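First the structure, in the form of structure tokens, and then the observations on it.
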Amino acid sequence: MIRHDVVVLGAGLAGMRAAIEAKRAGVDVAVISKLHPTRSHSGAAEGGINAALGNATEDSPESHAFDTVKGSDYLGDQDAIEIMCREAPDDIYELEHMGAIFTRSADGKLAQRPFGAAGAPRTIYSADITGHVLIHVLYEQLIKYDIKVYEEFFATKLVIDEGQCAGLIAWDTQKGGLHAIEANHVILATGGVGRMYYGTTNAYACTGDGMSLAWNAGVPLKDMEFMQFHPTTLKSNGVLITEGCRGEGGYLRNKDGERFMKHDAPNAMELASRDVVSRAEWREIADGRGVDGCVLLDLTHLGWKKIKSRLPGSRELAMDYAGVDPIEQPIPVRPGAHYHMGGVDCDVWGETIVPGLWAAGEVACVSVHGANRLGGNSLMETIVFGRRAGQAAAERVHAQGDTGARIEPAALADEDRRIAGILNNSEGERPGVIREELAKTMYDKAGVYRTGDVLTECQDKVHELRERARNLRIDDHGSVFNTDLTTALELHSLLECADCLVTSAIPRTESRGAHSRLDYTVRDDDHWLKHTLNWNDGGQVRLDYRPVTITKHQPLARSY
């Protein structure tokens, strides 16, 4: 039996930051990850991380908070937003002291670029590979603190013992077999669920594992109807082209060369909030003003010097995957599923309703993003709330000691029988077939624009796919590096999260942030200024609601 004081599930920025903080507090901590830590999807973040340093123009945490509240379409909890924005500057300086090499301006200060819906340039960056830089910096810290990492372990179940999280059961992908890993506290940091959509910026590993684990352990998922579509992804494969391109002065054009954002955001133009820009692009494409199903991201006027120094990664991606050199030609882009604002319901310290279970990062819903996330806030969320969750869990260890919760041998035996049943099944459908149907269904029927009738069709299809997934055919019956098995397990997570998303979206009869309905085109604060809670009721989704926390900013109409 493996046992630690704190186990962090997930090794992206939120997970590693939580583990580092817990280890600093003097507790026995370990990280469990289905990937090598530096392969975590946090490394794909490009444009930057937000903090009100005021290095470019006057700025303040209060301004940052207001922009975030407004960007969330007033669904973000303002107490959580205020915490993130207030603590962000110190976290930036700590990352720099850890060794993060941020781009600097001519005066030697940390450079800050404009990002969408921000009242000041507050996005700190490392060219356009910010996530890549930060994930390697935190991995160095993980090694420095000699934190145990169970690499390529796939968590299959959270174990609850008399109402307390006792740890988890995980499959050893490298060697095969299940392991019970006990902990006084488990922190979920498994990232998002973008792979439920076709055309996504997310890595293949972003399958909602942590959300599914929590949902099946009795924790509600919150605001699952809100999936953000990033305005600039490559048509061919969904690869992200950073918002930093527009922050550095890039234009969006239709087939006639028109900067069409002047119709939707005459002041902010291309730097309006992401939901606004994605809807504008979708309209241009649908109305026949696109270019082969895309619009054009024009950087040619920026010049080779700025592109090579500030946006080298974006240029490389455009050349490799679109055959376009942005120094000379515009990049064809379209909206793609990017970030899930919903997730595991938790408080401002990451604690869930199940004692001993915590969450941080994209898997969690604190909620600082509400109905629409601002670019640059997700990386800061991972650092602020990863740190806070690690600190709080460690403090609980010191205060309470051993919780007494245990994983009984019977629990491991039951999970072993379940996994064996999947491994030994030679009949039914292949997981990849259902996964592809799900992704196309979600993109077509629960995408940038929605209607009640089409969402109902989507729900019916998801329910059909969940039923078909009860009988999956696994061709690889071995135990070592069995990707057939992990694909099947991931499929169930994707289907459960998709069910939560569409079931939440149908009754929300309004347009708010990323949830934009053609049959209910206005925001309805009288009826829908509230969070959606998705409970597991015998495997089905049961909805409940909770008020939004408002401290300073009463809801106003959004305009950019």
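Chain labels run A, B, ... following the order of the structure tokens; each chain numbers its residues from 1, and ligands are numbered from 1 in the order shown.
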TODO: List every residue of region 285-516 of chain A that DSSP, applied to the backbone of this structure, places in alpha helix (DSSP H), and write the result as a VMD selection string.
DONE: chain A and resid 285 to 286 304 to 310 312 to 322 377 to 400 409 to 423 431 to 445 452 to 468 483 to 505
Open item on the list: Report as a PyMOL selection string all protein, DNA and RNA residues lying within 8 Å of Leu412 (chain A), evaluated on only C-alpha atoms, omitting residues in the same chain fewer than 2 positions from it.
Closed with: chain A and resi 169+178-180+407-410+414-416
Emit the selected residues as a PDB file, in the first residue's frame, including C-alpha atoms.
ATOM      1  CA  ILE A 169      -6.812   3.785  -7.299  1.00  0.00           C
ATOM      2  CA  LEU A 178      -3.770  -1.330 -10.237  1.00  0.00           C
ATOM      3  CA  HIS A 179      -2.376   0.389  -7.162  1.00  0.00           C
ATOM      4  CA  ALA A 180      -4.202   1.779  -4.158  1.00  0.00           C
ATOM      5  CA  ILE A 407      -8.757   2.140   1.068  1.00  0.00           C
ATOM      6  CA  GLU A 408     -10.000  -1.294   2.016  1.00  0.00           C
ATOM      7  CA  PRO A 409      -8.758  -4.336   0.054  1.00  0.00           C
ATOM      8  CA  ALA A 410     -12.326  -4.914  -1.139  1.00  0.00           C
ATOM      9  CA  ASP A 414     -13.822  -4.321  -6.990  1.00  0.00           C
ATOM     10  CA  GLU A 415     -11.920  -1.907  -9.217  1.00  0.00           C
ATOM     11  CA  ASP A 416      -9.665  -4.732 -10.398  1.00  0.00           C
TER      12      ASP A 416
END
- [ ] Please provide as a ChimeraX atom specification all residues within 8 Å of region 378-393 of chain A, with the sequence filter that same-chain residues fewer than 6 positions apart are discarded (counting only C-alpha atoms).
- [x] /A:6,13-22,25,42,45,48-51,84,87-88,91,131,185,187,348-351,356,358-362,368
Task: Surrounding residues of region 533-535 of chain A excluding itself and chain neighbours under 5 positions, 12 Å, only C-alpha atoms, as an MDAnalysis selection string - done: chainID A and resid 211:212 214:225 342:346 365 496:505 540:548
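Residues surrounding His527 (chain A) within 10 Å are Arg508, Thr509 and Glu510 of chain A [only C-alpha atoms; sequence separation below 5 positions excluded].
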Saved selection, atoms kept: N, CA, C and O atoms, as a PDB file, in the first residue's frame:
ATOM      1  N   ARG A 508     -30.854  26.747 -19.716  1.00  0.00           N
ATOM      2  CA  ARG A 508     -30.358  28.133 -19.592  1.00  0.00           C
ATOM      3  C   ARG A 508     -30.830  28.930 -20.796  1.00  0.00           C
ATOM      4  O   ARG A 508     -30.124  29.072 -21.805  1.00  0.00           O
ATOM      5  N   THR A 509     -32.019  29.499 -20.675  1.00  0.00           N
ATOM      6  CA  THR A 509     -32.673  30.184 -21.790  1.00  0.00           C
ATOM      7  C   THR A 509     -32.257  31.659 -21.833  1.00  0.00           C
ATOM      8  O   THR A 509     -33.046  32.578 -21.593  1.00  0.00           O
ATOM      9  N   GLU A 510     -30.990  31.846 -22.146  1.00  0.00           N
ATOM     10  CA  GLU A 510     -30.410  33.181 -22.297  1.00  0.00           C
ATOM     11  C   GLU A 510     -29.129  33.046 -23.091  1.00  0.00           C
ATOM     12  O   GLU A 510     -28.654  31.929 -23.359  1.00  0.00           O
TER      13      GLU A 510
END
Open item on the list: With DSSP run on the backbone, what are the strand (DSSP E) residues within region 126-370 of chain A? I'd like them as number ranges by chain.
Closed with: A: 148-151, 153-161, 164-172, 178-188, 221-222, 227-234, 251-253, 295-298, 331-340, 343-345, 357-359, 364-365
Task: All residues 12 Å or closer to region 282-288 of chain A, only C-alpha atoms, same chain fewer than 2 positions away omitted, as a PyMOL selection string - done: chain A and resi 229-232+252-261+263-264+275-280+290-296+332-336+447-449+516+518
Residue selection dump (N, CA, C and O atoms) as a compact mmCIF listing (two decimals), in the first residue's frame:
# COMPACT_ATOMS: atom_id res chain seq x y z
N PHE A 229 -14.65 29.04 -26.97
CA PHE A 229 -14.07 28.83 -28.29
C PHE A 229 -13.06 29.94 -28.55
O PHE A 229 -13.41 31.12 -28.51
N HIS A 230 -11.81 29.54 -28.79
CA HIS A 230 -10.77 30.53 -29.08
C HIS A 230 -10.92 31.01 -30.51
O HIS A 230 -11.14 30.20 -31.42
N PRO A 231 -10.80 32.31 -30.74
CA PRO A 231 -11.06 32.83 -32.09
C PRO A 231 -10.04 32.41 -33.14
O PRO A 231 -10.37 32.37 -34.33
N THR A 232 -8.80 32.12 -32.73
CA THR A 232 -7.76 31.91 -33.74
C THR A 232 -7.11 30.54 -33.56
O THR A 232 -6.12 30.38 -32.86
N LEU A 252 -7.94 40.98 -37.88
CA LEU A 252 -8.79 39.93 -38.43
C LEU A 252 -9.52 40.50 -39.64
O LEU A 252 -10.13 41.57 -39.56
N ARG A 253 -9.46 39.77 -40.75
CA ARG A 253 -10.07 40.25 -41.99
C ARG A 253 -10.96 39.16 -42.59
O ARG A 253 -10.69 37.97 -42.42
N ASN A 254 -11.99 39.58 -43.31
CA ASN A 254 -12.79 38.64 -44.09
C ASN A 254 -12.25 38.56 -45.51
O ASN A 254 -11.19 39.13 -45.81
N LYS A 255 -12.98 37.88 -46.39
CA LYS A 255 -12.47 37.67 -47.76
C LYS A 255 -12.31 38.97 -48.54
O LYS A 255 -11.55 39.04 -49.50
N ASP A 256 -13.05 40.01 -48.09
CA ASP A 256 -12.96 41.31 -48.77
C ASP A 256 -11.86 42.19 -48.18
O ASP A 256 -11.71 43.36 -48.59
N GLY A 257 -11.13 41.66 -47.20
CA GLY A 257 -10.08 42.45 -46.57
C GLY A 257 -10.57 43.35 -45.46
O GLY A 257 -9.79 44.12 -44.87
N GLU A 258 -11.87 43.29 -45.15
CA GLU A 258 -12.46 44.17 -44.14
C GLU A 258 -12.11 43.70 -42.73
O GLU A 258 -12.16 42.51 -42.43
N ARG A 259 -11.76 44.64 -41.85
CA ARG A 259 -11.59 44.34 -40.43
C ARG A 259 -12.99 44.32 -39.80
O ARG A 259 -13.47 45.30 -39.25
N PHE A 260 -13.60 43.15 -39.86
CA PHE A 260 -15.03 43.04 -39.54
C PHE A 260 -15.34 43.25 -38.07
O PHE A 260 -16.51 43.46 -37.70
N MET A 261 -14.35 43.23 -37.18
CA MET A 261 -14.63 43.45 -35.76
C MET A 261 -15.15 44.85 -35.47
O MET A 261 -15.69 45.10 -34.39
N HIS A 263 -17.73 46.02 -36.52
CA HIS A 263 -19.18 45.94 -36.37
C HIS A 263 -19.60 45.46 -34.97
O HIS A 263 -20.69 45.79 -34.51
N ASP A 264 -18.73 44.71 -34.31
CA ASP A 264 -19.09 44.09 -33.03
C ASP A 264 -18.41 44.76 -31.83
O ASP A 264 -18.96 44.73 -30.73
N ASP A 275 -15.42 35.48 -26.50
CA ASP A 275 -16.73 35.05 -26.96
C ASP A 275 -17.25 35.99 -28.04
O ASP A 275 -17.85 35.55 -29.03
N VAL A 276 -17.00 37.28 -27.89
CA VAL A 276 -17.45 38.27 -28.87
C VAL A 276 -16.74 38.05 -30.20
O VAL A 276 -17.35 38.06 -31.28
N VAL A 277 -15.43 37.85 -30.17
CA VAL A 277 -14.65 37.68 -31.40
C VAL A 277 -15.03 36.38 -32.10
O VAL A 277 -15.20 36.35 -33.33
N SER A 278 -15.19 35.30 -31.34
CA SER A 278 -15.55 34.02 -31.96
C SER A 278 -16.90 34.09 -32.64
O SER A 278 -17.08 33.56 -33.75
N ARG A 279 -17.87 34.74 -32.01
CA ARG A 279 -19.19 34.87 -32.64
C ARG A 279 -19.12 35.70 -33.92
O ARG A 279 -19.78 35.39 -34.92
N ALA A 280 -18.31 36.76 -33.89
CA ALA A 280 -18.16 37.59 -35.09
C ALA A 280 -17.55 36.79 -36.24
O ALA A 280 -17.99 36.89 -37.39
N GLY A 290 -16.32 34.51 -45.37
CA GLY A 290 -15.09 33.85 -44.97
C GLY A 290 -14.27 33.42 -46.17
O GLY A 290 -14.60 33.69 -47.33
N VAL A 291 -13.18 32.72 -45.89
CA VAL A 291 -12.29 32.21 -46.92
C VAL A 291 -12.17 30.70 -46.72
O VAL A 291 -11.42 30.23 -45.86
N ASP A 292 -12.96 29.94 -47.48
CA ASP A 292 -12.96 28.47 -47.36
C ASP A 292 -13.19 28.03 -45.92
O ASP A 292 -12.44 27.19 -45.38
N GLY A 293 -14.21 28.61 -45.27
CA GLY A 293 -14.55 28.20 -43.91
C GLY A 293 -13.71 28.84 -42.84
O GLY A 293 -13.74 28.40 -41.67
N CYS A 294 -12.97 29.87 -43.17
CA CYS A 294 -12.09 30.55 -42.21
C CYS A 294 -12.22 32.06 -42.36
O CYS A 294 -12.89 32.56 -43.25
N VAL A 295 -11.55 32.77 -41.47
CA VAL A 295 -11.23 34.18 -41.67
C VAL A 295 -9.72 34.30 -41.66
O VAL A 295 -9.01 33.30 -41.48
N LEU A 296 -9.22 35.49 -41.83
CA LEU A 296 -7.77 35.68 -41.97
C LEU A 296 -7.21 36.51 -40.83
O LEU A 296 -7.74 37.58 -40.50
N PRO A 332 -4.95 31.56 -42.13
CA PRO A 332 -6.36 31.17 -42.07
C PRO A 332 -6.71 30.60 -40.69
O PRO A 332 -6.07 29.66 -40.22
N VAL A 333 -7.71 31.18 -40.03
CA VAL A 333 -8.07 30.77 -38.68
C VAL A 333 -9.59 30.67 -38.56
O VAL A 333 -10.33 31.26 -39.34
N ARG A 334 -10.03 29.94 -37.54
CA ARG A 334 -11.45 29.84 -37.22
C ARG A 334 -11.58 29.52 -35.74
O ARG A 334 -10.61 29.10 -35.09
N PRO A 335 -12.78 29.69 -35.14
CA PRO A 335 -12.94 29.36 -33.72
C PRO A 335 -12.77 27.87 -33.46
O PRO A 335 -13.20 27.03 -34.26
N GLY A 336 -12.14 27.55 -32.33
CA GLY A 336 -11.96 26.16 -31.92
C GLY A 336 -12.15 26.02 -30.42
O GLY A 336 -11.82 26.94 -29.66
N GLY A 447 -21.95 24.20 -30.01
CA GLY A 447 -20.75 24.98 -30.30
C GLY A 447 -20.89 26.45 -29.98
O GLY A 447 -21.46 26.84 -28.96
N VAL A 448 -20.39 27.29 -30.89
CA VAL A 448 -20.39 28.73 -30.68
C VAL A 448 -21.81 29.27 -30.55
O VAL A 448 -22.10 30.09 -29.67
N TYR A 449 -22.71 28.81 -31.43
CA TYR A 449 -24.12 29.18 -31.35
C TYR A 449 -24.96 27.95 -31.07
O TYR A 449 -24.67 26.85 -31.55
N SER A 516 -24.19 31.02 -26.15
CA SER A 516 -24.89 31.99 -27.00
C SER A 516 -25.99 31.27 -27.77
O SER A 516 -25.72 30.42 -28.61
N LEU A 518 -29.37 31.28 -30.22
CA LEU A 518 -30.07 32.01 -31.27
C LEU A 518 -31.54 32.17 -30.96
O LEU A 518 -32.21 33.05 -31.52
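Distances here use only C-alpha atoms; by that measure, the residue among A:Arg24, A:Lys306, A:His41, A:His398 closest to Tyr145 (chain A) is A:Arg24.
Note that CA of Ala268 (chain A) and CA of Arg246 (chain A) are 10.9 Å apart.
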Task: One-decimal distance in Å that lies between CA of Thr532 (chain A) and CA of Ala371 (chain A) - done: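 According to the coordinates, CA of Ala371 (chain A) and CA of Thr532 (chain A) are separated by 11.0 Å.
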Task: For CA of Val29 (chain A) and CA of Met98 (chain A), the interatomic separation in Å (one decimal) - done: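 One can read the CA of Val29 (chain A) to CA of Met98 (chain A) distance as 19.9 Å.
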Task: A:Tyr339, A:Ile307, A:Cys458, A:Tyr93 ranked by distance to Gly376 (chain A), top pick (using only C-alpha atoms) - done: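 Nearest candidate to Gly376 (chain A) out of A:Tyr339, A:Ile307, A:Cys458, A:Tyr93: A:Tyr339.
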- [ ] May I have the residues within 9 Å of Lys148 (chain A) as a VMD selection string, using only C-alpha atoms and disregarding those fewer than 3 positions away in the same chain?
- [x] chain A and resid 29 to 32 142 to 143
TODO: Find, counting only C-alpha atoms, the residue in A:Ala405, A:Ser426, A:His136, A:Pro37 that gets nearest to Ala189 (chain A).
DONE: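 Checking each of A:Ala405, A:Ser426, A:His136, A:Pro37 against Ala189 (chain A), counting only C-alpha atoms, the winner is A:Pro37.
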Would you mind listing, for every residue of region 200-275 of chain A within 6 Å of region 477-495 of chain A, the two atoms forming the shortest contact and the distance between them in Å to one decimal, using only C-alpha atoms, sorted by chain and ascending residue number, as JSON lines?
{"residue": "A:Thr207", "atom": "CA", "partner": "A:Leu494", "partner_atom": "CA", "distance": 5.6}
{"residue": "A:Gly208", "atom": "CA", "partner": "A:Ser493", "partner_atom": "CA", "distance": 5.7}
{"residue": "A:Asp209", "atom": "CA", "partner": "A:Ser493", "partner_atom": "CA", "distance": 5.5}
{"residue": "A:Ser212", "atom": "CA", "partner": "A:Ser493", "partner_atom": "CA", "distance": 5.2}
Task: Pick from A:Arg3, A:His369, A:Arg473, A:Lys308, whichever lies nearest to Pro431 (chain A) using only C-alpha atoms - done: A:Arg473
Open item on the list: Let me make sure I understand: among A:Ala394, A:Ala205, A:Leu75, A:Ala469, which one has the smallest atom-to-atom distance to Ala514 (chain A) if we use only C-alpha atoms?
Closed with: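 Among the listed residues, A:Leu75 lies closest to Ala514 (chain A).
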